[in-house]
>>> print(open('model_21.txt').read())   # compact mmCIF, C-alpha atoms
# COMPACT_ATOMS: atom_id res chain seq x y z
CA MET A 418 -31.21 26.75 48.35
CA PHE A 419 -28.07 24.67 48.73
CA ASN A 420 -29.79 21.57 47.33
CA ALA A 421 -31.10 23.59 44.40
CA ARG A 422 -27.57 24.75 43.59
CA VAL A 423 -26.21 21.22 43.84
CA LYS A 424 -28.98 19.97 41.56
CA CYS A 425 -28.24 22.76 39.09
CA LEU A 426 -24.52 21.95 39.14
CA TYR A 427 -25.26 18.24 38.64
CA MET A 428 -27.48 18.99 35.66
CA THR A 429 -24.78 21.22 34.15
CA VAL A 430 -22.10 18.53 34.53
CA ALA A 431 -24.46 15.92 33.07
CA ALA A 432 -25.21 18.18 30.12
CA ILE A 433 -21.49 18.69 29.47
CA ALA A 434 -20.92 14.93 29.65
CA VAL A 435 -23.74 14.26 27.19
CA ALA A 436 -22.44 16.97 24.88
CA GLY A 437 -18.94 15.50 25.08
CA THR A 438 -20.26 12.02 24.25
CA ALA A 439 -22.25 13.34 21.31
CA GLN A 440 -19.21 15.24 20.06
CA ALA A 441 -17.06 12.09 20.31
CA GLU A 442 -19.69 10.12 18.41
CA ASP A 443 -19.70 12.77 15.68
CA VAL A 444 -16.08 11.93 14.85
CA TYR A 445 -15.65 9.07 12.38
CA LYS A 446 -12.45 7.24 13.34
CA ILE A 447 -10.17 5.66 10.75
CA GLY A 448 -7.67 3.23 12.25
CA ILE A 449 -4.30 2.37 10.76
CA SER A 450 -2.24 -0.66 11.71
CA ALA A 451 1.08 0.31 10.16
CA GLY A 452 4.69 -0.84 10.19
CA LEU A 453 6.13 2.51 11.26
CA THR A 454 9.25 0.60 12.29
CA GLY A 455 10.70 -2.58 10.79
CA TYR A 456 11.02 -3.63 7.15
CA ALA A 457 7.73 -1.99 6.01
CA ALA A 458 8.48 1.39 7.59
CA THR A 459 9.19 3.34 4.41
CA VAL A 460 5.98 2.37 2.63
CA ASP A 461 3.69 2.28 5.66
CA ARG A 462 4.74 5.74 6.82
CA ALA A 463 3.94 7.06 3.36
CA TRP A 464 0.60 5.22 3.32
CA SER A 465 -0.31 6.65 6.74
CA ASP A 466 0.64 10.17 5.66
CA GLY A 467 -1.51 9.77 2.55
CA VAL A 468 -4.48 8.75 4.71
CA GLN A 469 -3.94 11.81 6.89
CA VAL A 470 -3.72 14.17 3.90
CA ALA A 471 -7.03 12.81 2.56
CA VAL A 472 -8.65 13.26 5.98
CA ASP A 473 -7.33 16.82 6.22
CA VAL A 474 -8.70 17.69 2.77
CA LEU A 475 -12.14 16.22 3.53
CA ASN A 476 -12.29 17.85 6.97
CA ALA A 477 -11.44 21.23 5.43
CA LYS A 478 -14.59 20.80 3.33
CA GLY A 479 -16.70 19.97 6.39
CA GLY A 480 -16.00 16.24 6.60
CA VAL A 481 -18.21 13.51 5.16
CA MET A 482 -21.94 14.20 5.38
CA GLY A 483 -21.11 16.87 7.97
CA ARG A 484 -19.10 14.50 10.16
CA LYS A 485 -15.39 15.09 10.73
CA LEU A 486 -12.84 12.30 10.34
CA GLN A 487 -10.04 11.39 12.74
CA VAL A 488 -7.01 9.15 12.17
CA VAL A 489 -5.92 6.71 14.87
CA ILE A 490 -2.57 5.05 14.12
CA GLU A 491 -0.64 2.30 15.89
CA ASP A 492 2.80 0.90 15.05
CA ASN A 493 2.71 -2.87 14.45
CA ARG A 494 6.52 -2.90 14.01
CA SER A 495 6.08 -4.79 10.72
CA ASN A 496 5.21 -7.83 12.84
CA PRO A 497 2.02 -9.92 12.33
CA GLN A 498 1.62 -10.76 16.02
CA GLU A 499 2.00 -7.11 17.00
CA ALA A 500 -0.57 -6.19 14.34
CA VAL A 501 -3.22 -8.30 16.09
CA THR A 502 -2.45 -6.49 19.35
CA VAL A 503 -2.79 -3.01 17.88
CA TYR A 504 -5.95 -3.92 15.98
CA ARG A 505 -7.51 -5.16 19.23
CA LYS A 506 -6.46 -1.97 21.02
CA MET A 507 -7.92 0.32 18.37
CA MET A 508 -11.19 -1.62 18.39
CA SER A 509 -11.64 -1.83 22.16
CA SER A 510 -10.07 1.42 23.41
CA ASP A 511 -10.28 3.82 20.48
CA GLY A 512 -13.65 2.84 18.99
CA VAL A 513 -12.38 2.80 15.40
CA ASN A 514 -15.15 2.81 12.75
CA LEU A 515 -13.09 1.73 9.71
CA PHE A 516 -9.57 0.43 9.14
CA SER A 517 -7.33 1.86 6.45
CA SER A 518 -4.28 -0.22 7.30
CA GLY A 519 -0.85 -0.50 5.77
CA CYS A 520 1.07 -3.08 3.78
CA VAL A 521 1.93 -5.78 6.33
CA SER A 522 -0.22 -8.46 4.69
CA ALA A 523 0.32 -11.16 7.31
CA GLY A 524 -0.71 -8.80 10.10
CA ASN A 525 -3.85 -7.69 8.30
CA ALA A 526 -4.75 -11.31 7.57
CA ALA A 527 -4.22 -12.38 11.17
CA ALA A 528 -6.49 -9.63 12.50
CA ALA A 529 -9.15 -9.77 9.76
CA PRO A 530 -11.45 -12.43 11.30
CA MET A 531 -11.60 -10.47 14.55
CA VAL A 532 -12.32 -7.23 12.70
CA ALA A 533 -14.99 -8.87 10.53
CA LYS A 534 -16.70 -10.28 13.61
CA SER A 535 -17.03 -6.69 14.87
CA GLU A 536 -18.41 -5.66 11.46
CA ILE A 537 -15.74 -3.02 10.81
CA PRO A 538 -14.82 -2.46 7.12
CA MET A 539 -11.16 -2.64 6.07
CA VAL A 540 -9.67 -0.82 3.05
CA LEU A 541 -6.08 -2.04 2.91
CA CYS A 542 -2.71 -1.47 1.31
CA SER A 543 -2.01 -5.22 1.33
CA ILE A 544 -3.22 -8.36 -0.37
CA LEU A 545 -6.67 -9.48 0.74
CA PRO A 546 -7.13 -11.79 3.72
CA LYS A 547 -8.74 -15.05 2.64
CA ASP A 548 -12.46 -15.63 3.14
CA VAL A 549 -13.10 -12.30 4.86
CA GLY A 550 -15.86 -10.29 3.21
CA TRP A 551 -15.16 -7.12 5.19
CA ALA A 552 -11.77 -6.39 3.60
CA PHE A 553 -11.04 -4.46 0.38
CA THR A 554 -7.69 -3.50 -1.13
CA THR A 555 -6.26 -0.65 -3.18
CA LEU A 556 -3.43 -2.94 -4.27
CA PRO A 557 -3.54 -4.15 -7.88
CA PRO A 558 -3.12 -7.92 -8.42
CA ALA A 559 0.41 -9.08 -7.62
CA GLY A 560 0.79 -10.52 -11.11
CA PHE A 561 0.72 -7.00 -12.57
CA GLU A 562 4.08 -6.19 -10.95
CA VAL A 563 5.57 -9.39 -12.30
CA GLU A 564 4.18 -9.00 -15.82
CA THR A 565 5.50 -5.45 -16.09
CA ARG A 566 9.02 -6.78 -15.59
CA LEU A 567 8.64 -9.88 -17.75
CA ALA A 568 7.18 -7.86 -20.62
CA TYR A 569 10.12 -5.46 -20.56
CA LEU A 570 12.66 -8.28 -20.65
CA LYS A 571 10.83 -9.94 -23.55
CA ASP A 572 10.32 -6.82 -25.64
CA LYS A 573 13.40 -4.73 -24.84
CA THR A 574 16.25 -7.15 -24.09
CA PRO A 575 17.78 -10.38 -25.46
CA ILE A 576 17.57 -11.95 -21.98
CA ARG A 577 15.62 -15.20 -21.85
CA LYS A 578 16.70 -16.67 -18.49
CA VAL A 579 15.86 -15.07 -15.13
CA GLY A 580 16.24 -15.73 -11.44
CA VAL A 581 13.63 -14.95 -8.78
CA LEU A 582 14.79 -13.62 -5.40
CA HIS A 583 12.06 -13.20 -2.78
CA ASP A 584 11.42 -12.59 0.91
CA PRO A 585 8.98 -14.73 2.99
CA THR A 586 6.04 -12.29 3.15
CA PRO A 587 2.64 -13.37 1.77
CA TYR A 588 2.69 -10.74 -0.99
CA ALA A 589 6.19 -11.76 -2.08
CA LEU A 590 5.17 -15.42 -2.20
CA VAL A 591 2.19 -14.57 -4.42
CA GLN A 592 4.51 -12.66 -6.77
CA LYS A 593 7.03 -15.50 -6.75
CA ASP A 594 4.35 -17.99 -7.79
CA ALA A 595 3.13 -15.58 -10.48
CA ALA A 596 6.65 -15.23 -11.89
CA GLN A 597 7.05 -18.99 -12.16
CA LYS A 598 3.65 -19.40 -13.83
CA LEU A 599 3.89 -16.42 -16.21
CA ALA A 600 7.50 -16.59 -17.38
CA ALA A 601 6.79 -18.99 -20.25
CA LYS A 602 4.05 -16.68 -21.55
CA TYR A 603 6.79 -14.10 -22.18
CA GLY A 604 9.28 -16.58 -23.64
CA LEU A 605 11.36 -16.59 -20.46
CA GLU A 606 12.74 -19.39 -18.31
CA VAL A 607 13.11 -19.19 -14.54
CA VAL A 608 16.44 -20.87 -13.85
CA GLY A 609 16.63 -20.19 -10.13
CA VAL A 610 14.31 -19.33 -7.23
CA GLU A 611 16.03 -18.19 -4.05
CA ALA A 612 14.62 -16.93 -0.74
CA TYR A 613 16.06 -14.45 1.74
CA LYS A 614 15.08 -12.87 5.05
CA GLN A 615 14.56 -9.13 5.57
CA GLU A 616 17.44 -8.99 8.04
CA ASP A 617 19.96 -10.67 5.70
CA ALA A 618 23.09 -8.58 5.19
CA ASP A 619 24.49 -10.60 2.28
CA LEU A 620 22.67 -12.07 -0.72
CA SER A 621 25.73 -12.99 -2.74
CA VAL A 622 25.22 -16.76 -2.35
CA GLN A 623 21.72 -16.61 -3.86
CA LEU A 624 22.82 -14.25 -6.62
CA SER A 625 25.86 -16.39 -7.49
CA LYS A 626 23.62 -19.44 -7.93
CA MET A 627 21.40 -17.53 -10.37
CA GLN A 628 24.37 -16.27 -12.35
CA ALA A 629 25.85 -19.78 -12.53
CA ALA A 630 22.50 -21.04 -13.87
CA GLY A 631 22.71 -18.56 -16.73
CA ALA A 632 20.26 -15.89 -15.52
CA GLY A 633 20.57 -12.54 -17.28
CA ALA A 634 18.30 -10.75 -14.85
CA VAL A 635 17.09 -10.98 -11.26
CA ILE A 636 13.43 -10.45 -10.44
CA LYS A 637 13.70 -9.26 -6.83
CA ILE A 638 10.50 -9.37 -4.79
CA GLY A 639 10.32 -7.66 -1.40
CA LEU A 640 10.59 -4.38 0.46
CA GLY A 641 13.32 -2.68 2.43
CA GLY A 642 17.09 -2.35 2.53
CA THR A 643 17.80 -5.73 0.95
CA THR A 644 17.38 -4.13 -2.47
CA LEU A 645 20.51 -2.07 -1.82
CA THR A 646 22.21 -5.17 -0.43
CA ALA A 647 21.45 -7.06 -3.64
CA ALA A 648 22.79 -4.18 -5.74
CA LYS A 649 26.06 -4.03 -3.82
CA ASN A 650 26.47 -7.80 -4.03
CA LEU A 651 25.91 -7.74 -7.80
CA LYS A 652 28.57 -5.07 -8.19
CA GLN A 653 31.00 -6.94 -5.93
CA LEU A 654 30.47 -10.08 -7.99
CA GLY A 655 31.07 -8.15 -11.22
CA SER A 656 27.76 -9.60 -12.39
CA PRO A 657 26.23 -8.50 -15.70
CA MET A 658 22.73 -9.43 -14.47
CA LEU A 659 20.05 -6.74 -14.45
CA LEU A 660 18.14 -6.10 -11.21
CA LEU A 661 14.39 -5.58 -11.58
CA THR A 662 12.60 -4.90 -8.29
CA SER A 663 9.09 -4.55 -6.93
CA LEU A 664 7.16 -1.41 -6.05
CA GLU A 665 8.94 0.55 -3.34
CA ASP A 666 9.58 4.07 -2.14
CA LEU A 667 11.91 6.09 -4.36
CA ALA A 668 14.02 6.94 -1.30
CA VAL A 669 15.01 3.26 -1.22
CA PHE A 670 15.73 3.17 -4.96
CA LYS A 671 17.97 6.22 -5.32
CA PRO A 672 21.05 4.73 -3.61
CA VAL A 673 20.47 1.47 -5.53
CA ALA A 674 20.59 3.42 -8.80
CA GLU A 675 23.86 5.00 -7.69
CA VAL A 676 25.34 1.51 -7.37
CA LEU A 677 23.96 -0.16 -10.51
CA GLY A 678 23.14 2.73 -12.84
CA ASP A 679 21.27 1.61 -15.96
CA LYS A 680 21.29 -2.04 -14.83
CA PHE A 681 18.64 -1.21 -12.22
CA PHE A 682 14.91 -1.17 -12.97
CA PHE A 683 11.83 -0.98 -10.75
CA VAL A 684 8.07 -1.29 -11.09
CA ALA A 685 6.66 2.25 -11.01
CA SER A 686 3.19 3.39 -10.04
CA PRO A 687 1.58 6.23 -12.06
CA SER A 688 2.18 8.85 -9.37
CA GLN A 689 5.93 8.11 -9.42
CA VAL A 690 6.14 9.03 -13.12
CA TYR A 691 3.38 11.64 -13.12
CA ASP A 692 5.02 13.93 -15.68
CA ALA A 693 5.24 11.11 -18.23
CA TYR A 694 1.51 10.38 -18.12
CA PRO A 695 -0.79 11.85 -20.79
CA ASP A 696 -3.68 14.09 -19.79
CA GLY A 697 -6.83 12.20 -18.83
CA PRO A 698 -8.90 11.04 -15.85
CA LEU A 699 -6.00 9.20 -14.19
CA LYS A 700 -3.66 12.18 -14.38
CA GLN A 701 -6.45 14.46 -13.15
CA ALA A 702 -7.02 12.19 -10.12
CA MET A 703 -3.30 12.13 -9.43
CA GLY A 704 -3.19 15.93 -9.62
CA GLN A 705 -5.99 16.29 -7.07
CA PHE A 706 -3.91 14.26 -4.64
CA LEU A 707 -0.47 15.63 -5.53
CA GLU A 708 -1.41 19.25 -4.89
CA PRO A 709 -2.07 18.84 -1.13
CA TRP A 710 0.60 16.12 -0.85
CA ARG A 711 3.37 18.29 -2.29
CA ALA A 712 2.22 21.29 -0.28
CA LYS A 713 2.94 19.30 2.87
CA PHE A 714 5.67 16.84 1.85
CA SER A 715 7.35 18.48 -1.15
CA ASP A 716 9.13 15.90 -3.33
CA ARG A 717 8.62 12.81 -1.14
CA ASP A 718 7.63 9.71 -3.12
CA PRO A 719 3.82 9.87 -3.52
CA ASN A 720 3.19 6.24 -4.54
CA TRP A 721 2.11 4.56 -1.31
CA ALA A 722 0.62 7.78 0.01
CA SER A 723 -1.60 8.02 -3.06
CA ARG A 724 -3.03 4.57 -2.24
CA GLY A 725 -3.73 5.72 1.31
CA TRP A 726 -5.54 8.73 -0.15
CA ASP A 727 -7.58 6.40 -2.38
CA SER A 728 -8.59 4.26 0.60
CA VAL A 729 -10.12 7.25 2.39
CA MET A 730 -11.84 8.57 -0.73
CA LEU A 731 -13.31 5.13 -1.45
CA ALA A 732 -14.64 4.90 2.10
CA ALA A 733 -16.11 8.41 1.85
CA ALA A 734 -17.79 7.49 -1.44
CA ALA A 735 -19.34 4.38 0.16
CA ILE A 736 -20.61 6.40 3.13
CA GLU A 737 -22.19 9.00 0.86
CA LYS A 738 -23.61 6.33 -1.44
CA GLY A 739 -25.42 4.63 1.43
CA LYS A 740 -26.12 7.81 3.40
CA SER A 741 -24.87 5.92 6.43
CA PHE A 742 -21.78 5.51 8.62
CA GLU A 743 -22.93 2.11 9.89
CA GLY A 744 -20.34 -0.60 9.23
CA LYS A 745 -22.50 -2.96 7.21
CA SER A 746 -23.78 -0.15 5.02
CA VAL A 747 -20.23 1.03 4.30
CA ARG A 748 -19.16 -2.53 3.45
CA ASP A 749 -22.18 -3.12 1.21
CA ASN A 750 -21.72 0.17 -0.63
CA LEU A 751 -18.01 -0.39 -1.17
CA GLU A 752 -19.12 -3.47 -3.10
CA LYS A 753 -21.27 -1.21 -5.31
CA ILE A 754 -18.47 1.18 -6.30
CA THR A 755 -17.59 0.97 -10.01
CA GLY A 756 -15.70 3.29 -12.30
CA PHE A 757 -14.16 5.17 -9.36
CA GLN A 758 -11.11 7.00 -10.68
CA GLY A 759 -8.28 6.76 -8.18
CA THR A 760 -4.62 7.73 -8.28
CA THR A 761 -3.44 4.25 -9.30
CA GLY A 762 -6.26 3.26 -11.62
CA SER A 763 -10.00 2.89 -11.86
CA TYR A 764 -11.65 0.87 -9.06
CA ASP A 765 -14.44 -1.61 -9.74
CA PHE A 766 -15.66 -3.55 -6.71
CA SER A 767 -18.46 -6.09 -6.40
CA ALA A 768 -19.71 -8.66 -3.92
CA GLU A 769 -17.34 -11.16 -5.52
CA GLN A 770 -14.46 -8.75 -6.23
CA HIS A 771 -12.81 -6.80 -3.41
CA GLN A 772 -9.60 -6.05 -5.34
CA GLY A 773 -10.68 -2.98 -7.24
CA VAL A 774 -7.94 -2.27 -9.81
CA SER A 775 -8.36 -4.67 -12.73
CA THR A 776 -6.22 -2.99 -15.43
CA ASN A 777 -2.43 -2.98 -15.07
CA PRO A 778 -1.39 0.62 -14.29
CA PHE A 779 2.34 -0.03 -13.87
CA VAL A 780 5.34 0.89 -15.98
CA LEU A 781 9.00 0.01 -15.55
CA GLY A 782 11.06 2.87 -14.17
CA GLN A 783 14.70 3.83 -13.91
CA ILE A 784 16.64 6.54 -12.13
CA ILE A 785 19.21 8.04 -14.48
CA ASP A 786 21.37 10.98 -13.35
CA GLY A 787 19.14 11.31 -10.31
CA LYS A 788 15.94 11.65 -12.34
CA VAL A 789 13.06 9.18 -12.48
CA LYS A 790 12.11 8.12 -15.99
CA VAL A 791 10.11 5.44 -17.77
CA ALA A 792 12.42 2.72 -19.05
CA GLN A 793 12.67 2.67 -22.84
>>> encode(input="model_21.txt", output="structure tokens")
Amino acid sequence: MFNARVKCLYMTVAAIAVAGTAQAEDVYKIGISAGLTGYAATVDRAWSDGVQVAVDVLNAKGGVMGRKLQVVIEDNRSNPQEAVTVYRKMMSSDGVNLFSSGCVSAGNAAAAPMVAKSEIPMVLCSILPKDVGWAFTTLPPAGFEVETRLAYLKDKTPIRKVGVLHDPTPYALVQKDAAQKLAAKYGLEVVGVEAYKQEDADLSVQLSKMQAAGAGAVIKIGLGGTTLTAAKNLKQLGSPMLLLTSLEDLAVFKPVAEVLGDKFFFVASPSQVYDAYPDGPLKQAMGQFLEPWRAKFSDRDPNWASRGWDSVMLAAAAIEKGKSFEGKSVRDNLEKITGFQGTTGSYDFSAEQHQGVSTNPFVLGQIIDGKVKVAQ
């Protein structure tokens, strides 16, 4: 009798263990390597929150093909070496099925070969790692940010000389090269190219060189608090130069606008100027995201979060298209997605093209009297 009870107990425990394993396997895990601290914190926190909102919305509808989604997030501290560590941890300990990682391009690039070897798809916020066929990006080409600023200077101002101020990140270097190559197309001359580090507390030397060279505007490329530093330095110098910056969170831009007023411009994503957009597929896609986003985060800047949302919805579309959660199937079916209306633009992927947005969706924005508007 005793042995029978022990056997029964053993079978019950085994059944629970099997059920627990099956339940764990039923969860599709989306990993995020994000700079929750460091220079990328503002944008990567928003990206991560956007991923979570998309997961919550899909799970409320029963998940994807009946399987619930789960977000696993690790802070890479905006550091490429730390990114490799957290990627390895999420792969080995957490069993992540797909990565929807943030905007630290160097970290994503460093980890990409390891992730590809494990056949785990990546849908990223950053520029694409080189020669890695398992990575896709929601980020439009870097040249789009540059051209938005150059076109405004050409069409709306008498300025014909500009300076380029950039940080050392891969994405900033791509933009810097684009600015130097594209300036002549817009009748502009780059009279100074200056670098800075994210931790720099004074950019007045670089800005003074540009002003002395005759620049009427500064094309600043890079994230974080240095945008406010540049604005304060320009004011201290009494400089007439305009400051035109990259995509960033509006929380970073508002104090900059208080310093420079109408001399400050920034590249704006559609979701940042939602009210100015005409009705159509893009605005409808933005609305589908903004409703749950605002319900949870009120008036927080939706730009980077909307890209995080897109990354999850693209992955879900690939899973449903292939009727499979297997990594290779998801990768292959991401390559087959065309005409997918996202919050930033329409995505068209292929085997040769893993950067899905091919039409420039950006406008130039300003913050006047505390309100975001499209620059006229």
>>> closest_residue(input="model_21.txt", among="A:Ala634, A:Leu699, A:Ala552, A:Val474", to="Met539 (chain A)", atoms="all atoms listed in the file")
A:Ala552
>>> closest_residue(input="model_21.txt", among="A:Gln592, A:Gln628, A:Gln770, A:Thr776", to="Gly609 (chain A)", atoms="only C-alpha atoms")
A:Gln628
>>> closest_residue(input="model_21.txt", among="A:Ile447, A:Val622, A:Ile636, A:Val791", to="Leu570 (chain A)", atoms="all atoms listed in the file")
A:Ile636
>>> residues_around(input="model_21.txt", residues="Lys700 (chain A)", least_positions_apart="6", cutoff="9 Å", atoms="all atoms listed in the file", output="ChimeraX atom specification")
/A:687-688,691-692,694,760
>>> closest_residue(input="model_21.txt", among="A:Arg724, A:Lys534, A:Lys593, A:Lys680", to="Val470 (chain A)", atoms="only C-alpha atoms")
A:Arg724
>>> closest_residue(input="model_21.txt", among="A:Lys578, A:Val608, A:Thr555, A:Ser495", to="Phe757 (chain A)", atoms="all atoms listed in the file")
A:Thr555
>>> closest_atom_pairs(input="model_21.txt", of="region 544-574 of chain A", to="region 646-664 of chain A", cutoff="10 Å", atoms="all atoms listed in the file", output="Markdown table")
| residue | atom | partner | partner_atom | distance |
| --- | --- | --- | --- | --- |
| A:Ala559 | CA | A:Ser663 | CA | 9.8 |
| A:Glu562 | CA | A:Ser663 | CA | 6.6 |
| A:Val563 | CA | A:Ser663 | CA | 8.0 |
| A:Thr565 | CA | A:Ser663 | CA | 9.9 |
| A:Arg566 | CA | A:Leu661 | CA | 6.8 |
| A:Leu567 | CA | A:Leu661 | CA | 9.5 |
| A:Tyr569 | CA | A:Leu661 | CA | 9.9 |
| A:Leu570 | CA | A:Leu661 | CA | 9.6 |
>>> atom_distance(input="model_21.txt", atom1="CA of Leu515 (chain A)", atom2="CA of Val774 (chain A)")
20.6 Å
>>> atom_distance(input="model_21.txt", atom1="CA of Ile754 (chain A)", atom2="CA of Gly773 (chain A)")
8.9 Å
>>> closest_residue(input="model_21.txt", among="A:Val549, A:Leu486, A:Ser465, A:Tyr504", to="Phe742 (chain A)", atoms="all atoms listed in the file")
A:Leu486
>>> residues_around(input="model_21.txt", residues="Glu616 (chain A)", least_positions_apart="4", cutoff="9 Å", atoms="all atoms listed in the file", output="ChimeraX atom specification")
/A:456,642-643
>>> residues_around(input="model_21.txt", residues="Ala457 (chain A)", least_positions_apart="4", cutoff="9 Å", atoms="all atoms listed in the file", output="ChimeraX atom specification")
/A:451-453,461-462,494-495,519-521,640-641
>>> axis_aligned_box(input="model_21.txt", around="region 733-738 of chain A", padding_each_side="6 Å", output="lines of an AutoDock Vina configuration file")
center_x = -19.9
center_y = 6.7
center_z = 0.8
size_x = 19.5
size_y = 16.6
size_z = 16.6
>>> atom_distance(input="model_21.txt", atom1="CA of Ala668 (chain A)", atom2="CA of Gln689 (chain A)")
11.5 Å
>>> residues_near_point(input="model_21.txt", point="(-7.4, 13.3, 5.1)", cutoff="9 Å", atoms="only C-alpha atoms", output="ChimeraX atom specification")
/A:466-477,486-488,726,729-730
>>> residues_near_point(input="model_21.txt", point="(-2.1, 11.6, -11.5)", cutoff="12 Å", atoms="all atoms listed in the file", output="ChimeraX atom specification")
/A:686-708,710,719-720,723-724,727,758-763,778
>>> write_last_selection(input="model_21.txt", atoms="C-alpha atoms", output="PDB file, keeping the file's coordinate frame")
ATOM      1  CA  SER A 686       3.190   3.390 -10.040  1.00  0.00           C
ATOM      2  CA  PRO A 687       1.580   6.230 -12.060  1.00  0.00           C
ATOM      3  CA  SER A 688       2.180   8.850  -9.370  1.00  0.00           C
ATOM      4  CA  GLN A 689       5.930   8.110  -9.420  1.00  0.00           C
ATOM      5  CA  VAL A 690       6.140   9.030 -13.120  1.00  0.00           C
ATOM      6  CA  TYR A 691       3.380  11.640 -13.120  1.00  0.00           C
ATOM      7  CA  ASP A 692       5.020  13.930 -15.680  1.00  0.00           C
ATOM      8  CA  ALA A 693       5.240  11.110 -18.230  1.00  0.00           C
ATOM      9  CA  TYR A 694       1.510  10.380 -18.120  1.00  0.00           C
ATOM     10  CA  PRO A 695      -0.790  11.850 -20.790  1.00  0.00           C
ATOM     11  CA  ASP A 696      -3.680  14.090 -19.790  1.00  0.00           C
ATOM     12  CA  GLY A 697      -6.830  12.200 -18.830  1.00  0.00           C
ATOM     13  CA  PRO A 698      -8.900  11.040 -15.850  1.00  0.00           C
ATOM     14  CA  LEU A 699      -6.000   9.200 -14.190  1.00  0.00           C
ATOM     15  CA  LYS A 700      -3.660  12.180 -14.380  1.00  0.00           C
ATOM     16  CA  GLN A 701      -6.450  14.460 -13.150  1.00  0.00           C
ATOM     17  CA  ALA A 702      -7.020  12.190 -10.120  1.00  0.00           C
ATOM     18  CA  MET A 703      -3.300  12.130  -9.430  1.00  0.00           C
ATOM     19  CA  GLY A 704      -3.190  15.930  -9.620  1.00  0.00           C
ATOM     20  CA  GLN A 705      -5.990  16.290  -7.070  1.00  0.00           C
ATOM     21  CA  PHE A 706      -3.910  14.260  -4.640  1.00  0.00           C
ATOM     22  CA  LEU A 707      -0.470  15.630  -5.530  1.00  0.00           C
ATOM     23  CA  GLU A 708      -1.410  19.250  -4.890  1.00  0.00           C
ATOM     24  CA  TRP A 710       0.600  16.120  -0.850  1.00  0.00           C
ATOM     25  CA  PRO A 719       3.820   9.870  -3.520  1.00  0.00           C
ATOM     26  CA  ASN A 720       3.190   6.240  -4.540  1.00  0.00           C
ATOM     27  CA  SER A 723      -1.600   8.020  -3.060  1.00  0.00           C
ATOM     28  CA  ARG A 724      -3.030   4.570  -2.240  1.00  0.00           C
ATOM     29  CA  ASP A 727      -7.580   6.400  -2.380  1.00  0.00           C
ATOM     30  CA  GLN A 758     -11.110   7.000 -10.680  1.00  0.00           C
ATOM     31  CA  GLY A 759      -8.280   6.760  -8.180  1.00  0.00           C
ATOM     32  CA  THR A 760      -4.620   7.730  -8.280  1.00  0.00           C
ATOM     33  CA  THR A 761      -3.440   4.250  -9.300  1.00  0.00           C
ATOM     34  CA  GLY A 762      -6.260   3.260 -11.620  1.00  0.00           C
ATOM     35  CA  SER A 763     -10.000   2.890 -11.860  1.00  0.00           C
ATOM     36  CA  PRO A 778      -1.390   0.620 -14.290  1.00  0.00           C
TER      37      PRO A 778
END
>>> decode(input="model_21.txt", residues="region 655-666 of chain A", atoms="N, CA and C atoms", output="PDB file, in the first residue's frame")
ATOM      1  N   GLY A 655      26.268  83.780 -27.631  1.00  0.00           N
ATOM      2  CA  GLY A 655      25.516  84.784 -28.376  1.00  0.00           C
ATOM      3  C   GLY A 655      25.458  84.448 -29.848  1.00  0.00           C
ATOM      4  N   SER A 656      25.459  83.146 -30.159  1.00  0.00           N
ATOM      5  CA  SER A 656      25.550  82.704 -31.547  1.00  0.00           C
ATOM      6  C   SER A 656      24.198  82.814 -32.260  1.00  0.00           C
ATOM      7  N   PRO A 657      24.209  83.261 -33.505  1.00  0.00           N
ATOM      8  CA  PRO A 657      22.972  83.310 -34.292  1.00  0.00           C
ATOM      9  C   PRO A 657      22.669  81.972 -34.981  1.00  0.00           C
ATOM     10  N   MET A 658      23.552  80.987 -34.841  1.00  0.00           N
ATOM     11  CA  MET A 658      23.370  79.715 -35.547  1.00  0.00           C
ATOM     12  C   MET A 658      22.112  78.982 -35.065  1.00  0.00           C
ATOM     13  N   LEU A 659      21.411  78.374 -36.022  1.00  0.00           N
ATOM     14  CA  LEU A 659      20.285  77.509 -35.692  1.00  0.00           C
ATOM     15  C   LEU A 659      20.815  76.150 -35.245  1.00  0.00           C
ATOM     16  N   LEU A 660      20.049  75.465 -34.406  1.00  0.00           N
ATOM     17  CA  LEU A 660      20.402  74.113 -33.967  1.00  0.00           C
ATOM     18  C   LEU A 660      19.343  73.154 -34.484  1.00  0.00           C
ATOM     19  N   LEU A 661      19.765  72.220 -35.329  1.00  0.00           N
ATOM     20  CA  LEU A 661      18.847  71.222 -35.897  1.00  0.00           C
ATOM     21  C   LEU A 661      19.331  69.837 -35.460  1.00  0.00           C
ATOM     22  N   THR A 662      18.518  69.141 -34.661  1.00  0.00           N
ATOM     23  CA  THR A 662      18.974  67.901 -34.046  1.00  0.00           C
ATOM     24  C   THR A 662      18.262  66.670 -34.604  1.00  0.00           C
ATOM     25  N   SER A 663      18.784  65.519 -34.193  1.00  0.00           N
ATOM     26  CA  SER A 663      18.264  64.231 -34.641  1.00  0.00           C
ATOM     27  C   SER A 663      16.970  63.884 -33.921  1.00  0.00           C
ATOM     28  N   LEU A 664      16.411  62.730 -34.304  1.00  0.00           N
ATOM     29  CA  LEU A 664      15.279  62.160 -33.574  1.00  0.00           C
ATOM     30  C   LEU A 664      15.652  61.965 -32.113  1.00  0.00           C
ATOM     31  N   GLU A 665      14.711  62.238 -31.231  1.00  0.00           N
ATOM     32  CA  GLU A 665      14.956  62.112 -29.798  1.00  0.00           C
ATOM     33  C   GLU A 665      13.610  62.160 -29.093  1.00  0.00           C
ATOM     34  N   ASP A 666      13.602  61.891 -27.821  1.00  0.00           N
ATOM     35  CA  ASP A 666      12.393  61.994 -27.023  1.00  0.00           C
ATOM     36  C   ASP A 666      12.057  63.464 -26.770  1.00  0.00           C
TER      37      ASP A 666
END
